[in-house]
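Asks: Have a look at the structure that comes next, please.
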Amino acid sequence: MTLNEQSISLLAEALQARRFLLVWADVPFPPEDRPPPSPARTIHRWQEDACALPLLPFDFAHGRPWPLVGLPPLPILSLDPSERVENAFRYAGVPLHVVRDRRDVPARDQHNLFKLGGDLVSRAGLLLSWDDARAAPSDPDKTRLLDEIRRLIQDGAVLALAPSPSDALTRLWDELLAPALWGARHQFVLGPEDFVWPAPLVRLEGEVEGLLAALAKRVIPPPLEPAQEHLHSLRRQLAEERENLRIIEEREAKFVASTDVPSHLAEEERRLRERIAELEAELGGADAPA
C-alpha cells in the first residue's frame with residue numbers, strides 16, 4: 001500500500017467518524033512585521049487585492065467546481081480572509097455555514113467554515129500584524145474557534161491544502177495552529193514538493209482534485225438501483241412510523257383509563273397501525289416483527 005493509499009484510508013476513517021479537519025492553508029495576506037499605522041488603509045488595500053486572487057474552482061470556465069464541495073459535510077479551517085472559499089461553495093450551489101467568532105454556532109450536517117484568518121467583508125478578526133497573530137490565543141473569538149477545532153480533531157486527522165506555501169504559513173502553523181492540532185493522530189498536506197513543511201505535516205503526492213475524488217469514493221456510498229432505492233425508502237418509512245407509534249403509545253400511557261385518551265391520539269394510533277401493516281405487507285413481511 002502506497003503512502004497516498006494509506007493516507008486516504010486514514011482520512012476516510014476520520015471523516016466517517018467526524019474527526020476530520022480540512023485546512024485551507026493559503027495565506028494571501030501575510031501579517032506585517034509591525035502594526036500598520038492606518039489599519040483602515042491596510043484593510044482597504046487587502047480588499048482591493050482580494051479581487052485579483054485566483055478562483056478556487058480549478059476549471060471555472062468549464063463549469064468544474066472546487067472538488068472539496070463534493071465531500072460530505074466537514075469542518076474547514078481557513079487562514080484566508082477573502083471570500084474565495086465561500087464563493088466556491090456558492091458557485092457549486094452547496095450550503096456553507098460560516099463561523100467567524102464566538103457568537104456563531106457551527107451548523108449540524110453542513111459544511112462549516114472557521115475563519116481563523118479573519119473576514120475581509122466584515123473587516124473583523126484580521127491578522128494585520130504578527131502582534132495580532134501572537135495575541136490570537138488569548139482573544140475570546142479566536143480562542144472559541146481554536147477550542148472548537150481542538151475538540152473536533154481529537155484522535156482524528158487533518159488535511160491541509162497549501163497551493164502557495166510561504167514563510168508566513170510556516171510561522172502561523174507553528175505559533176497558532178500546531179498547539180490546537182496536536183491532538184490529531186495524522187496530519188497531511190497537499191502542496192509543492194520543494195517546500196520545507198512544518199512538523200508533523202506529511203506531504204502527499206498528487207493533485208488536490210484526484211486525492212479528494214479518491215476520498216469521496218471511500219466515504220460516499222454508490223447510488224442505489226431503483227428497486228433497492230424503493231426498498232430502502234419503504235424500510236425507512238417503516239422505521240419512522242414505528243417510532244411515531246411508540247411516541248403515541250407513551251403519550252396514551254399517561255392517561256389512567258383508555259376512555260380518557262383524547263380522540264385525536266386514538267385516531268393517530270389507528271392510522272399509524274394501518275400504515276405500518278401496509279408497509280410490512282409491501283415488504284413481504286421481511287421487516288415485520290417476529
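If you're wondering about the labels, chains in the C-alpha cells are A, B, ... by order shown, residues count from 1 in each chain, ligands from 1 in order shown.
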Quick one: residues within 6 Å of segment 126-128 of chain A, only C-alpha atoms, excluding same-chain residues fewer than 2 positions away - as an mmCIF file with N, CA and C atoms, in the first residue's frame?

Replies:
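Now in out_5.cif:
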```cif
data_model
loop_
_atom_site.group_PDB
_atom_site.id
_atom_site.type_symbol
_atom_site.label_atom_id
_atom_site.label_comp_id
_atom_site.auth_asym_id
_atom_site.auth_seq_id
_atom_site.Cartn_x
_atom_site.Cartn_y
_atom_site.Cartn_z
ATOM 1 N N PRO A 31 0.649 38.545 7.764
ATOM 2 C CA PRO A 31 0.708 39.608 8.774
ATOM 3 C C PRO A 31 1.975 40.455 8.584
ATOM 4 N N GLY A 117 -8.388 33.260 10.001
ATOM 5 C CA GLY A 117 -7.638 34.394 9.465
ATOM 6 C C GLY A 117 -8.438 35.678 9.396
ATOM 7 N N GLY A 118 -9.651 35.648 9.912
ATOM 8 C CA GLY A 118 -10.492 36.835 9.890
ATOM 9 C C GLY A 118 -11.352 36.914 8.646
ATOM 10 N N ALA A 124 -13.366 42.122 10.285
ATOM 11 C CA ALA A 124 -13.215 41.693 11.681
ATOM 12 C C ALA A 124 -12.255 40.513 11.786
ATOM 13 N N ASP A 132 -0.983 40.752 16.176
ATOM 14 C CA ASP A 132 -2.333 40.175 16.177
ATOM 15 C C ASP A 132 -2.267 38.659 16.240
ATOM 16 N N ALA A 133 -1.329 38.067 15.511
ATOM 17 C CA ALA A 133 -1.202 36.606 15.500
ATOM 18 C C ALA A 133 -0.787 36.089 16.873
#
```

Asks: Name the residues of segment 3-192 of chain A that fall into strand (DSSP E) according to DSSP on the backbone, using the chain letters and numbers of this document, as a list of chain:residue names.

Replies: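 The strand (DSSP E) subset of segment 3-192 of chain A is A:Phe20, A:Leu21, A:Leu22, A:Val23, A:Trp24, A:Pro75, A:Ile76, A:Leu77, A:Ser78, A:Leu96, A:His97, A:Val98, A:Val99, A:His111, A:Asn112, A:Leu113, A:Phe114, A:Lys115, A:Ala157, A:Val158, A:Leu159, A:Ala160, A:Leu161, A:His186, A:Gln187, A:Phe188, A:Val189, A:Leu190.
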
Asks: Create the file for the chosen residues now, containing N, CA, C and O atoms and written as a compact mmCIF listing (two decimals), in the first residue's frame.

Replies:
```txt
# COMPACT_ATOMS: atom_id res chain seq x y z
N PHE A 20 -12.42 14.77 11.29
CA PHE A 20 -11.62 15.19 10.15
C PHE A 20 -11.68 16.71 10.03
O PHE A 20 -12.75 17.31 10.18
N LEU A 21 -10.54 17.32 9.76
CA LEU A 21 -10.48 18.76 9.55
C LEU A 21 -9.71 19.05 8.27
O LEU A 21 -8.61 18.53 8.07
N LEU A 22 -10.29 19.88 7.42
CA LEU A 22 -9.58 20.36 6.26
C LEU A 22 -9.13 21.79 6.52
O LEU A 22 -9.92 22.62 6.96
N VAL A 23 -7.86 22.07 6.26
CA VAL A 23 -7.31 23.41 6.47
C VAL A 23 -7.02 24.05 5.12
O VAL A 23 -6.21 23.50 4.34
N TRP A 24 -7.68 25.15 4.81
CA TRP A 24 -7.34 25.93 3.63
C TRP A 24 -6.19 26.83 4.06
O TRP A 24 -6.36 27.88 4.66
N PRO A 75 -15.75 20.18 8.68
CA PRO A 75 -15.25 21.48 9.11
C PRO A 75 -14.04 21.90 8.28
O PRO A 75 -13.19 21.08 7.93
N ILE A 76 -14.00 23.18 7.94
CA ILE A 76 -12.89 23.74 7.17
C ILE A 76 -12.32 24.91 7.97
O ILE A 76 -13.06 25.82 8.35
N LEU A 77 -11.03 24.88 8.21
CA LEU A 77 -10.36 25.98 8.90
C LEU A 77 -9.60 26.78 7.86
O LEU A 77 -8.81 26.23 7.08
N SER A 78 -9.82 28.09 7.83
CA SER A 78 -9.22 28.91 6.78
C SER A 78 -8.35 30.01 7.37
O SER A 78 -8.74 30.70 8.32
N LEU A 96 -22.96 26.41 2.89
CA LEU A 96 -21.76 26.57 3.72
C LEU A 96 -22.09 27.50 4.86
O LEU A 96 -22.57 28.62 4.64
N HIS A 97 -21.85 27.03 6.09
CA HIS A 97 -22.09 27.87 7.27
C HIS A 97 -20.76 28.48 7.71
O HIS A 97 -19.77 27.77 7.88
N VAL A 98 -20.74 29.79 7.90
CA VAL A 98 -19.50 30.49 8.24
C VAL A 98 -19.48 30.80 9.74
O VAL A 98 -20.44 31.35 10.29
N VAL A 99 -18.38 30.43 10.38
CA VAL A 99 -18.17 30.70 11.81
C VAL A 99 -17.02 31.69 11.91
O VAL A 99 -15.87 31.35 11.62
N HIS A 111 -21.41 21.80 5.85
CA HIS A 111 -20.04 22.28 5.84
C HIS A 111 -19.94 23.54 6.71
O HIS A 111 -20.76 24.45 6.60
N ASN A 112 -18.91 23.58 7.58
CA ASN A 112 -18.68 24.75 8.43
C ASN A 112 -17.31 25.33 8.11
O ASN A 112 -16.31 24.60 8.09
N LEU A 113 -17.27 26.62 7.87
CA LEU A 113 -16.02 27.32 7.59
C LEU A 113 -15.63 28.16 8.79
O LEU A 113 -16.32 29.12 9.15
N PHE A 114 -14.51 27.81 9.43
CA PHE A 114 -13.99 28.55 10.58
C PHE A 114 -12.94 29.53 10.06
O PHE A 114 -11.86 29.14 9.64
N LYS A 115 -13.25 30.82 10.11
CA LYS A 115 -12.38 31.83 9.52
C LYS A 115 -11.37 32.35 10.55
O LYS A 115 -11.48 33.47 11.05
N ALA A 157 -7.88 13.31 12.07
CA ALA A 157 -6.91 13.58 11.01
C ALA A 157 -7.12 14.98 10.43
O ALA A 157 -8.23 15.50 10.42
N VAL A 158 -6.01 15.56 9.96
CA VAL A 158 -6.01 16.89 9.36
C VAL A 158 -5.44 16.80 7.96
O VAL A 158 -4.44 16.11 7.73
N LEU A 159 -6.09 17.46 7.01
CA LEU A 159 -5.57 17.58 5.66
C LEU A 159 -5.49 19.05 5.32
O LEU A 159 -6.50 19.76 5.30
N ALA A 160 -4.27 19.54 5.06
CA ALA A 160 -4.06 20.94 4.71
C ALA A 160 -3.88 21.06 3.20
O ALA A 160 -3.16 20.27 2.59
N LEU A 161 -4.53 22.05 2.61
CA LEU A 161 -4.35 22.38 1.20
C LEU A 161 -3.57 23.68 1.14
O LEU A 161 -4.06 24.73 1.56
N HIS A 186 -3.12 12.16 12.78
CA HIS A 186 -2.48 12.23 11.46
C HIS A 186 -2.66 13.64 10.91
O HIS A 186 -3.74 14.21 10.97
N GLN A 187 -1.57 14.18 10.33
CA GLN A 187 -1.61 15.49 9.71
C GLN A 187 -0.91 15.42 8.35
O GLN A 187 0.28 15.13 8.27
N PHE A 188 -1.70 15.66 7.29
CA PHE A 188 -1.18 15.59 5.93
C PHE A 188 -1.32 16.94 5.25
O PHE A 188 -2.12 17.78 5.66
N VAL A 189 -0.54 17.13 4.18
CA VAL A 189 -0.62 18.37 3.41
C VAL A 189 -0.47 18.06 1.93
O VAL A 189 0.28 17.15 1.53
N LEU A 190 -1.21 18.78 1.11
CA LEU A 190 -1.05 18.76 -0.34
C LEU A 190 -0.46 20.10 -0.74
O LEU A 190 -1.07 21.15 -0.50
```

Asks: Please provide as an MDAnalysis selection string all residues within 9 Å of Leu120 of chain A, with the sequence filter that same-chain residues fewer than 5 positions apart are discarded (counting only C-alpha atoms).

Replies: chainID A and resid 43:44 46:47 50 81:83 125:126

Asks: If you keep N, CA, C and O atoms, can you produce a file of those selected residues as a CSV table (one decimal), in the first residue's frame?

Replies:
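Below you can see part29.csv, which holds the result:
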```csv
chain,number,residue,atom,x,y,z
A,43,ILE,N,-6.6,47.4,5.4
A,43,ILE,CA,-7.8,46.6,5.1
A,43,ILE,C,-8.3,46.9,3.7
A,43,ILE,O,-8.7,46.0,3.0
A,44,HIS,N,-8.4,48.2,3.4
A,44,HIS,CA,-8.9,48.6,2.1
A,44,HIS,C,-8.0,48.0,1.0
A,44,HIS,O,-8.5,47.6,0.0
A,46,TRP,N,-6.1,45.4,1.1
A,46,TRP,CA,-6.4,43.9,1.1
A,46,TRP,C,-7.7,43.6,0.3
A,46,TRP,O,-7.7,42.6,-0.4
A,47,GLN,N,-8.7,44.4,0.6
A,47,GLN,CA,-10.0,44.1,-0.1
A,47,GLN,C,-9.8,44.3,-1.6
A,47,GLN,O,-10.4,43.6,-2.4
A,50,ALA,N,-7.8,41.4,-3.0
A,50,ALA,CA,-8.6,40.1,-2.9
A,50,ALA,C,-9.3,39.9,-4.2
A,50,ALA,O,-9.6,38.7,-4.6
A,81,PRO,N,-8.6,35.4,4.6
A,81,PRO,CA,-9.7,36.2,5.0
A,81,PRO,C,-10.6,36.6,3.8
A,81,PRO,O,-11.7,37.3,4.1
A,82,SER,N,-10.3,36.3,2.6
A,82,SER,CA,-11.1,36.6,1.5
A,82,SER,C,-12.4,35.7,1.4
A,82,SER,O,-12.5,34.8,2.3
A,83,GLU,N,-13.2,35.9,0.4
A,83,GLU,CA,-14.4,35.1,0.3
A,83,GLU,C,-14.2,34.0,-0.8
A,83,GLU,O,-15.2,33.5,-1.3
A,125,GLY,N,-11.5,40.5,12.9
A,125,GLY,CA,-10.7,39.3,13.2
A,125,GLY,C,-9.5,39.2,12.3
A,125,GLY,O,-8.8,38.1,12.3
A,126,LEU,N,-9.1,40.2,11.6
A,126,LEU,CA,-8.0,40.1,10.7
A,126,LEU,C,-6.6,40.1,11.4
A,126,LEU,O,-6.4,40.8,12.4
```

Asks: May I ask which of the residues A:Leu74, A:Ile276, A:Val105, A:Val121 is the closest one to Gln237 of chain A, counting only C-alpha atoms?

Replies: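 For Gln237 of chain A, the nearest of the candidates is A:Ile276.
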
Asks: Apply DSSP to the structure's backbone, then extract all residues of segment 45-231 of chain A labelled alpha helix (DSSP H) and return them as a VMD selection string.

Replies: chain A and resid 45 to 50 84 to 92 130 to 135 140 to 152 167 to 172 178 to 181 208 to 219 226 to 231

Asks: Which residues are near segment 145-154 of chain A? Cut-off 7 Å, only C-alpha atoms, ignore same chain within fewer than 2 positions. Put them as a PyMOL selection string.

Replies: chain A and resi 19-21+101+114+116+141-143+156-157+180-181+183-184

Asks: Please produce a file of the residues just selected, as a compact mmCIF listing (two decimals), in the first residue's frame, where the atoms kept are all heavy atoms.

Replies:
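Writing done, so here's again00.txt:
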```
# COMPACT_ATOMS: atom_id res chain seq x y z
N ARG A 19 -14.13 13.16 12.68
CA ARG A 19 -12.89 13.60 13.33
C ARG A 19 -11.91 14.08 12.27
O ARG A 19 -10.71 13.83 12.36
CB ARG A 19 -12.28 12.45 14.15
CG ARG A 19 -13.11 12.03 15.34
CD ARG A 19 -13.17 13.11 16.39
NE ARG A 19 -14.02 12.78 17.53
CZ ARG A 19 -14.30 13.61 18.52
NH1 ARG A 19 -13.79 14.82 18.51
NH2 ARG A 19 -15.09 13.24 19.50
N PHE A 20 -12.42 14.77 11.29
CA PHE A 20 -11.62 15.19 10.15
C PHE A 20 -11.68 16.71 10.03
O PHE A 20 -12.75 17.31 10.18
CB PHE A 20 -12.16 14.54 8.87
CG PHE A 20 -11.49 14.99 7.61
CD1 PHE A 20 -10.37 14.33 7.12
CD2 PHE A 20 -11.99 16.07 6.88
CE1 PHE A 20 -9.75 14.74 5.94
CE2 PHE A 20 -11.38 16.48 5.70
CZ PHE A 20 -10.26 15.82 5.24
N LEU A 21 -10.54 17.32 9.76
CA LEU A 21 -10.48 18.76 9.55
C LEU A 21 -9.71 19.05 8.27
O LEU A 21 -8.61 18.53 8.07
CB LEU A 21 -9.77 19.45 10.73
CG LEU A 21 -9.50 20.96 10.54
CD1 LEU A 21 -10.81 21.75 10.56
CD2 LEU A 21 -8.55 21.48 11.62
N ASP A 101 -16.77 34.14 14.77
CA ASP A 101 -16.41 34.49 16.14
C ASP A 101 -17.22 33.64 17.11
O ASP A 101 -17.94 32.72 16.71
CB ASP A 101 -16.64 35.99 16.40
CG ASP A 101 -18.05 36.43 16.04
OD1 ASP A 101 -19.02 35.72 16.39
OD2 ASP A 101 -18.20 37.48 15.39
N PHE A 114 -14.51 27.81 9.43
CA PHE A 114 -13.99 28.55 10.58
C PHE A 114 -12.94 29.53 10.06
O PHE A 114 -11.86 29.14 9.64
CB PHE A 114 -13.38 27.59 11.60
CG PHE A 114 -14.36 26.65 12.23
CD1 PHE A 114 -14.69 25.45 11.61
CD2 PHE A 114 -14.97 26.96 13.44
CE1 PHE A 114 -15.60 24.58 12.18
CE2 PHE A 114 -15.88 26.10 14.02
CZ PHE A 114 -16.21 24.90 13.39
N LEU A 116 -10.37 31.54 10.80
CA LEU A 116 -9.35 31.90 11.79
C LEU A 116 -8.54 33.11 11.31
O LEU A 116 -8.05 33.89 12.13
CB LEU A 116 -8.43 30.71 12.04
CG LEU A 116 -7.40 30.87 13.16
CD1 LEU A 116 -8.08 31.07 14.50
CD2 LEU A 116 -6.48 29.67 13.22
N ASP A 141 -12.66 35.53 20.66
CA ASP A 141 -13.21 34.98 19.42
C ASP A 141 -12.30 33.92 18.83
O ASP A 141 -12.75 32.84 18.43
CB ASP A 141 -13.43 36.10 18.40
CG ASP A 141 -14.58 37.02 18.79
OD1 ASP A 141 -15.53 36.53 19.43
OD2 ASP A 141 -14.52 38.22 18.49
N LYS A 142 -10.99 34.21 18.76
CA LYS A 142 -10.06 33.22 18.22
C LYS A 142 -9.98 31.99 19.12
O LYS A 142 -9.88 30.85 18.64
CB LYS A 142 -8.66 33.84 18.08
CG LYS A 142 -8.58 35.06 17.19
CD LYS A 142 -8.93 34.74 15.75
CE LYS A 142 -8.66 35.94 14.87
NZ LYS A 142 -9.17 35.76 13.49
N THR A 143 -10.03 32.21 20.44
CA THR A 143 -9.99 31.09 21.38
C THR A 143 -11.17 30.16 21.16
O THR A 143 -11.03 28.93 21.20
CB THR A 143 -9.99 31.60 22.83
OG1 THR A 143 -8.82 32.39 23.03
CG2 THR A 143 -9.99 30.45 23.81
N GLY A 156 -8.20 12.41 15.54
CA GLY A 156 -8.64 12.36 14.15
C GLY A 156 -7.52 12.66 13.18
O GLY A 156 -6.37 12.31 13.41
N ALA A 157 -7.88 13.31 12.07
CA ALA A 157 -6.91 13.58 11.01
C ALA A 157 -7.12 14.98 10.43
O ALA A 157 -8.23 15.50 10.42
CB ALA A 157 -7.03 12.54 9.90
N ALA A 180 -3.20 23.87 18.62
CA ALA A 180 -4.60 23.45 18.58
C ALA A 180 -4.78 22.10 17.91
O ALA A 180 -5.77 21.41 18.15
CB ALA A 180 -5.44 24.50 17.84
N LEU A 181 -3.81 21.70 17.08
CA LEU A 181 -3.95 20.47 16.29
C LEU A 181 -3.14 19.31 16.85
O LEU A 181 -3.13 18.23 16.24
CB LEU A 181 -3.52 20.73 14.84
CG LEU A 181 -4.27 21.83 14.09
CD1 LEU A 181 -3.72 21.96 12.67
CD2 LEU A 181 -5.76 21.55 14.05
N GLY A 183 -3.68 17.22 19.06
CA GLY A 183 -4.46 16.03 19.40
C GLY A 183 -4.79 15.15 18.21
O GLY A 183 -5.28 14.03 18.38
N ALA A 184 -4.55 15.63 16.98
CA ALA A 184 -4.83 14.83 15.79
C ALA A 184 -3.78 13.74 15.64
O ALA A 184 -2.59 13.97 15.81
CB ALA A 184 -4.85 15.72 14.55
```

Asks: Would you work out the distance separating atom CA of Gly93 of chain A from atom CA of Ala162 of chain A, expressed in Å to one decimal?

Replies: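 Computed distance, atom CA of Gly93 of chain A to atom CA of Ala162 of chain A, equals 24.0 Å.
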
Asks: Between A:Ala107, A:Cys51, A:Val219, A:Val208, which residue has the minimum interatomic distance to Leu15 of chain A, considering only C-alpha atoms?

Replies: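 The answer is A:Val219, which sits nearest to Leu15 of chain A.
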